[in-house]
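Participant: Just passing along the structure, written as structure tokens.
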Amino acid sequence: MPELPEVEITARRLGAALAGAEVESALAPGMVAMKTIKPPLDSLAGNTIEGARRIGKMPIVEFRGADGRLDLLVHLMSAGRLQLFDKRASLKDRRSRVLIRLAGGGELRLREFGTKQRAWAKLLPEGGVEADEMVVTLGPEAWPAPPLDRLARAVDQPRHLHPLLRDQRAIAGIGRSWVDEILWEARLSPFRKGSELSSEEVDRLYDGLAVLGAAIDHYEEVVGEQVPDKLPMPLKVHRREGEPCPRCGTTIEAVYFAEHQTNYCPQCQTGGRVLKDRRLSRLLK
Ligand SMILES: [Zn+2]
């Protein structure tokens, strides 16, 4: 699932590759992908791409045409990818959700893996992104980290840190992979409550957010012009149950919270305790 670092490198690479490109046509083979109808997607024909940026986990492609600025706000959900291809997709490609065809033959493609159609896009006039309901409700960006007092306010909620940090309204950009890394860096249990953190623990959480910037730096080094389907994520604990903790050597454990797996080091994060599985479906199987 693309989270803040993955979407940031996607926006940087797309922005560099697409700036100045002219749109020949645009269409949405994924019938439910476009969540706006006005302006229509095909009004992008003749527009020039100005660049790409990111808010939270959402990439944005910027266009300019006779009618001014237009922004394509994209939500990749869990399995979407926004990529540039030299050649156009076959219209039979069932993964295609939105196709922006470029003069010269290239194509910017919103694809989605799996059978569900959940990824979406909105074409918005200038200022529309900032006013969009998905954007106005976002918490502060997780990277660059918000000021310490802003972070302290954002997490001052009586909720477990694992779902709290993944809640885009609390703090924007973190998902299931990077939450494990941030909590491990901060040496905090996924089941600690945000409102129960000491100021020293908030300091550690603030420092832990630096893994997001480190991941972006890593991608800058290893990712070429084309962002691959699967990025080489520099993860230390997520999905590494059974492996030794890189800090202390204790075996990394897995615990399920609702349907989500979270990984942690008992020595570094939970005072040596191995957490009980909280996934009800496991008990029923
Ligand atoms: Zn450890």
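In the structure tokens, chains take letters A, B, ... by order of appearance, with residues numbered from 1 within each chain and ligands from 1 in the order shown.
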Where in stretch 8-105 of chain A does DSSP assign strand (DSSP E), given as a count of residues only?

Facilitator: 42

Participant: With a distance cut-off of 9 Å and only C-alpha atoms, select the neighbouring residues of stretch 135-145 of chain A, excluding the residue or stretch itself and same-chain residues fewer than 4 positions from it, and output the selection as a list in words.

Facilitator: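 Near stretch 135-145 of chain A, the qualifying residues are Leu4, Pro5, Ile55, Gly56, Val129, Glu130, Ala131, Arg150, Leu151, Ala154, Asp167, Gln168, Arg169, Ala170, Ile171, Ala172, Gly173, Ile174, Tyr206, Asp207, Leu209, Ala210, Leu212 and Gly213 of chain A.
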
Participant: List as an MDAnalysis selection string the protein and nucleic acid residues lying within 9 Å of ligand 1, with only C-alpha atoms and all ligand atoms counted.

Facilitator: chainID A and resid 184 187 244:252 264:269

Participant: When you draw a straight line from atom CA of A:Ala17 to atom CA of A:Gln226, how long is it in Å?

Facilitator: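 Going from atom CA of A:Ala17 over to atom CA of A:Gln226, I get 9.0 Å.
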
Participant: What separation in Å, quoted to one decimal, exists between atom CA of A:Ala66 and atom CA of A:Leu41?

Facilitator: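 So the answer is 14.6 Å.
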
Participant: Using only C-alpha atoms, determine which residues lie at most 12 Å from A:Val223, disregarding the query and same-chain residues fewer than 4 positions distant; provide the list as a list of chain:residue names.

Facilitator: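 The neighbour list is A:Glu6, A:Glu8, A:Ile9, A:Thr10, A:Arg12, A:Arg13, A:Ala215, A:Ile216, A:Asp217, A:His218, A:Tyr219, A:Val227, A:Pro228, A:Asp229, A:Lys230, A:Leu231, A:Pro232, A:Met233.
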
Participant: Put those residues in a file: all heavy atoms, as a short mmCIF file (atom, residue, chain, number, x, y, z; two decimals), in the first residue's frame.

Facilitator:
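Writing the result to result_22.cif gives the following:
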data_model
loop_
_atom_site.label_atom_id
_atom_site.label_comp_id
_atom_site.auth_asym_id
_atom_site.auth_seq_id
_atom_site.Cartn_x
_atom_site.Cartn_y
_atom_site.Cartn_z
N GLU A 6 6.16 6.56 -0.31
CA GLU A 6 5.98 5.98 -1.65
C GLU A 6 5.25 6.98 -2.57
O GLU A 6 5.57 7.09 -3.76
CB GLU A 6 5.16 4.68 -1.55
CG GLU A 6 5.88 3.54 -0.83
CD GLU A 6 5.99 3.74 0.67
OE1 GLU A 6 5.00 4.17 1.28
OE2 GLU A 6 7.09 3.48 1.23
N GLU A 8 5.30 10.25 -2.15
CA GLU A 8 6.21 11.38 -2.36
C GLU A 8 7.18 11.10 -3.52
O GLU A 8 7.35 11.94 -4.41
CB GLU A 8 7.00 11.66 -1.07
CG GLU A 8 8.07 12.73 -1.19
CD GLU A 8 7.54 14.14 -1.41
OE1 GLU A 8 6.38 14.41 -1.06
OE2 GLU A 8 8.30 14.98 -1.95
N ILE A 9 7.77 9.91 -3.53
CA ILE A 9 8.71 9.62 -4.63
C ILE A 9 7.95 9.49 -5.96
O ILE A 9 8.45 9.89 -7.02
CB ILE A 9 9.58 8.36 -4.34
CG1 ILE A 9 10.78 8.29 -5.29
CG2 ILE A 9 8.78 7.07 -4.40
CD1 ILE A 9 11.83 9.34 -5.07
N THR A 10 6.72 8.99 -5.90
CA THR A 10 5.90 8.91 -7.11
C THR A 10 5.64 10.31 -7.66
O THR A 10 5.81 10.57 -8.86
CB THR A 10 4.56 8.20 -6.79
OG1 THR A 10 4.83 6.86 -6.39
CG2 THR A 10 3.65 8.19 -8.01
N ARG A 12 7.36 13.05 -7.10
CA ARG A 12 8.60 13.66 -7.59
C ARG A 12 8.99 13.15 -8.97
O ARG A 12 9.36 13.93 -9.85
CB ARG A 12 9.75 13.37 -6.61
CG ARG A 12 9.62 14.13 -5.29
CD ARG A 12 10.84 13.85 -4.42
NE ARG A 12 10.67 14.43 -3.09
CZ ARG A 12 11.60 14.40 -2.14
NH1 ARG A 12 12.76 13.77 -2.37
NH2 ARG A 12 11.40 14.95 -0.97
N ARG A 13 8.93 11.83 -9.15
CA ARG A 13 9.31 11.25 -10.43
C ARG A 13 8.33 11.65 -11.54
O ARG A 13 8.72 11.97 -12.66
CB ARG A 13 9.42 9.73 -10.33
CG ARG A 13 10.57 9.24 -9.45
CD ARG A 13 11.92 9.63 -10.03
NE ARG A 13 13.01 9.08 -9.27
CZ ARG A 13 13.67 9.72 -8.30
NH1 ARG A 13 13.32 10.96 -7.98
NH2 ARG A 13 14.66 9.14 -7.65
N ALA A 215 13.15 7.14 4.45
CA ALA A 215 12.64 6.28 3.37
C ALA A 215 12.62 7.05 2.04
O ALA A 215 12.99 6.51 0.99
CB ALA A 215 11.23 5.78 3.71
N ILE A 216 12.23 8.32 2.09
CA ILE A 216 12.23 9.13 0.86
C ILE A 216 13.66 9.26 0.32
O ILE A 216 13.90 9.11 -0.88
CB ILE A 216 11.60 10.52 1.12
CG1 ILE A 216 10.12 10.37 1.48
CG2 ILE A 216 11.76 11.42 -0.11
CD1 ILE A 216 9.49 11.63 2.08
N ASP A 217 14.62 9.51 1.23
CA ASP A 217 16.03 9.59 0.82
C ASP A 217 16.47 8.28 0.17
O ASP A 217 17.20 8.28 -0.83
CB ASP A 217 16.93 9.90 2.03
CG ASP A 217 16.68 11.30 2.58
OD1 ASP A 217 16.05 12.12 1.87
OD2 ASP A 217 17.13 11.57 3.71
N HIS A 218 16.04 7.16 0.77
CA HIS A 218 16.37 5.83 0.22
C HIS A 218 15.80 5.69 -1.20
O HIS A 218 16.50 5.27 -2.13
CB HIS A 218 15.80 4.76 1.14
CG HIS A 218 15.85 3.37 0.59
ND1 HIS A 218 17.01 2.62 0.51
CD2 HIS A 218 14.87 2.59 0.05
CE1 HIS A 218 16.74 1.44 -0.03
NE2 HIS A 218 15.46 1.40 -0.33
N TYR A 219 14.55 6.08 -1.37
CA TYR A 219 13.93 5.96 -2.69
C TYR A 219 14.64 6.87 -3.71
O TYR A 219 14.80 6.51 -4.87
CB TYR A 219 12.44 6.31 -2.63
CG TYR A 219 11.61 5.33 -1.84
CD1 TYR A 219 10.53 5.76 -1.07
CD2 TYR A 219 11.89 3.96 -1.86
CE1 TYR A 219 9.76 4.86 -0.34
CE2 TYR A 219 11.13 3.06 -1.13
CZ TYR A 219 10.07 3.52 -0.37
OH TYR A 219 9.31 2.64 0.35
N VAL A 227 8.80 4.63 -11.52
CA VAL A 227 8.55 4.05 -10.20
C VAL A 227 7.99 2.64 -10.41
O VAL A 227 6.98 2.47 -11.10
CB VAL A 227 7.56 4.92 -9.41
CG1 VAL A 227 7.23 4.28 -8.07
CG2 VAL A 227 8.13 6.32 -9.20
N PRO A 228 8.63 1.61 -9.85
CA PRO A 228 8.17 0.24 -10.08
C PRO A 228 6.87 -0.07 -9.34
O PRO A 228 6.48 0.66 -8.42
CB PRO A 228 9.32 -0.62 -9.53
CG PRO A 228 9.98 0.25 -8.50
CD PRO A 228 9.82 1.66 -8.97
N ASP A 229 6.19 -1.15 -9.76
CA ASP A 229 4.95 -1.56 -9.10
C ASP A 229 5.18 -1.75 -7.61
O ASP A 229 4.37 -1.37 -6.78
CB ASP A 229 4.44 -2.89 -9.69
CG ASP A 229 3.88 -2.70 -11.08
OD1 ASP A 229 3.66 -1.54 -11.48
OD2 ASP A 229 3.66 -3.71 -11.77
N LYS A 230 6.30 -2.39 -7.29
CA LYS A 230 6.61 -2.67 -5.89
C LYS A 230 7.90 -1.95 -5.52
O LYS A 230 8.97 -2.28 -6.05
CB LYS A 230 6.81 -4.19 -5.71
CG LYS A 230 5.80 -4.82 -4.76
CD LYS A 230 6.02 -6.31 -4.67
CE LYS A 230 6.09 -6.80 -3.24
NZ LYS A 230 5.06 -6.33 -2.34
N LEU A 231 7.81 -0.98 -4.64
CA LEU A 231 9.00 -0.24 -4.23
C LEU A 231 9.81 -1.05 -3.23
O LEU A 231 9.24 -1.77 -2.42
CB LEU A 231 8.59 1.09 -3.60
CG LEU A 231 8.30 2.21 -4.60
CD1 LEU A 231 7.46 3.30 -3.95
CD2 LEU A 231 9.59 2.80 -5.12
N PRO A 232 11.14 -0.91 -3.27
CA PRO A 232 11.98 -1.59 -2.28
C PRO A 232 11.91 -0.85 -0.93
O PRO A 232 12.73 0.01 -0.66
CB PRO A 232 13.38 -1.52 -2.90
CG PRO A 232 13.34 -0.29 -3.77
CD PRO A 232 11.92 -0.10 -4.22
N MET A 233 10.93 -1.19 -0.13
CA MET A 233 10.69 -0.45 1.12
C MET A 233 11.72 -0.83 2.18
O MET A 233 11.88 -2.00 2.48
CB MET A 233 9.27 -0.73 1.63
CG MET A 233 8.18 -0.26 0.69
SD MET A 233 6.51 -0.75 1.21
CE MET A 233 6.25 0.39 2.58
#

Participant: Any idea what the distance is between atom CA of A:Leu235 and atom CA of A:Leu183?

Facilitator: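 Distance between the two atoms: 12.3 Å.
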
Participant: DSSP on the backbone: which residues in stretch 27-216 of chain A end up as helix (DSSP H, G or I)? Give the answer as an MDAnalysis selection string.

Facilitator: chainID A and resid 41:44 128:131 133:136 148:154 161:166 176:186 194:196 199:208 210:216

Participant: So that I can see what lies close to A:Val211, please list as an MDAnalysis selection string the residues with an atom at most 8 Å from it, counting only C-alpha atoms and leaving out residues fewer than 5 positions away in the same chain.

Facilitator: chainID A and resid 181:182 185

Participant: Would you mind exporting the chosen residues as a compact mmCIF listing (two decimals), in the first residue's frame, restricted to C-alpha atoms?

Facilitator:
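Below is the file that was written, out29.txt:
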# COMPACT_ATOMS: atom_id res chain seq x y z
CA GLU A 181 8.44 1.41 11.82
CA ILE A 182 7.62 4.69 13.56
CA GLU A 185 11.84 3.77 16.28

Participant: Compare A:Pro59, A:Gly224, A:Pro29, A:Gly46 by their minimum atom-to-atom distance to A:Ala103, counting only C-alpha atoms, and give me the closest one.

Facilitator: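 Smallest separation from A:Ala103 among the options: A:Gly46.
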
Participant: Skip A:His238 itself and residues of its chain fewer than 4 positions away, then list as a list in words all residues within 7 Å of it, counting only C-alpha atoms.

Facilitator: Ser177, Asp180, Glu181, Thr262 and Asn263 of chain A

Participant: Could you write out that same residue set with N, CA and C atoms as a JSON list (two decimals), in the first residue's frame?

Facilitator:
[["chain", "number", "residue", "atom", "x", "y", "z"],
["A", 177, "SER", "N", 2.26, -0.05, 7.02],
["A", 177, "SER", "CA", 3.68, -0.38, 7.03],
["A", 177, "SER", "C", 4.47, 0.56, 7.92],
["A", 180, "ASP", "N", 4.30, 0.71, 11.94],
["A", 180, "ASP", "CA", 5.14, -0.23, 12.70],
["A", 180, "ASP", "C", 6.56, 0.31, 12.86],
["A", 181, "GLU", "N", 7.07, 0.89, 11.80],
["A", 181, "GLU", "CA", 8.44, 1.41, 11.82],
["A", 181, "GLU", "C", 8.58, 2.60, 12.77],
["A", 262, "THR", "N", 0.23, -6.10, 12.97],
["A", 262, "THR", "CA", 1.25, -5.15, 13.38],
["A", 262, "THR", "C", 2.43, -5.92, 13.96],
["A", 263, "ASN", "N", 3.63, -5.44, 13.66],
["A", 263, "ASN", "CA", 4.84, -6.09, 14.15],
["A", 263, "ASN", "C", 5.55, -5.16, 15.12]]
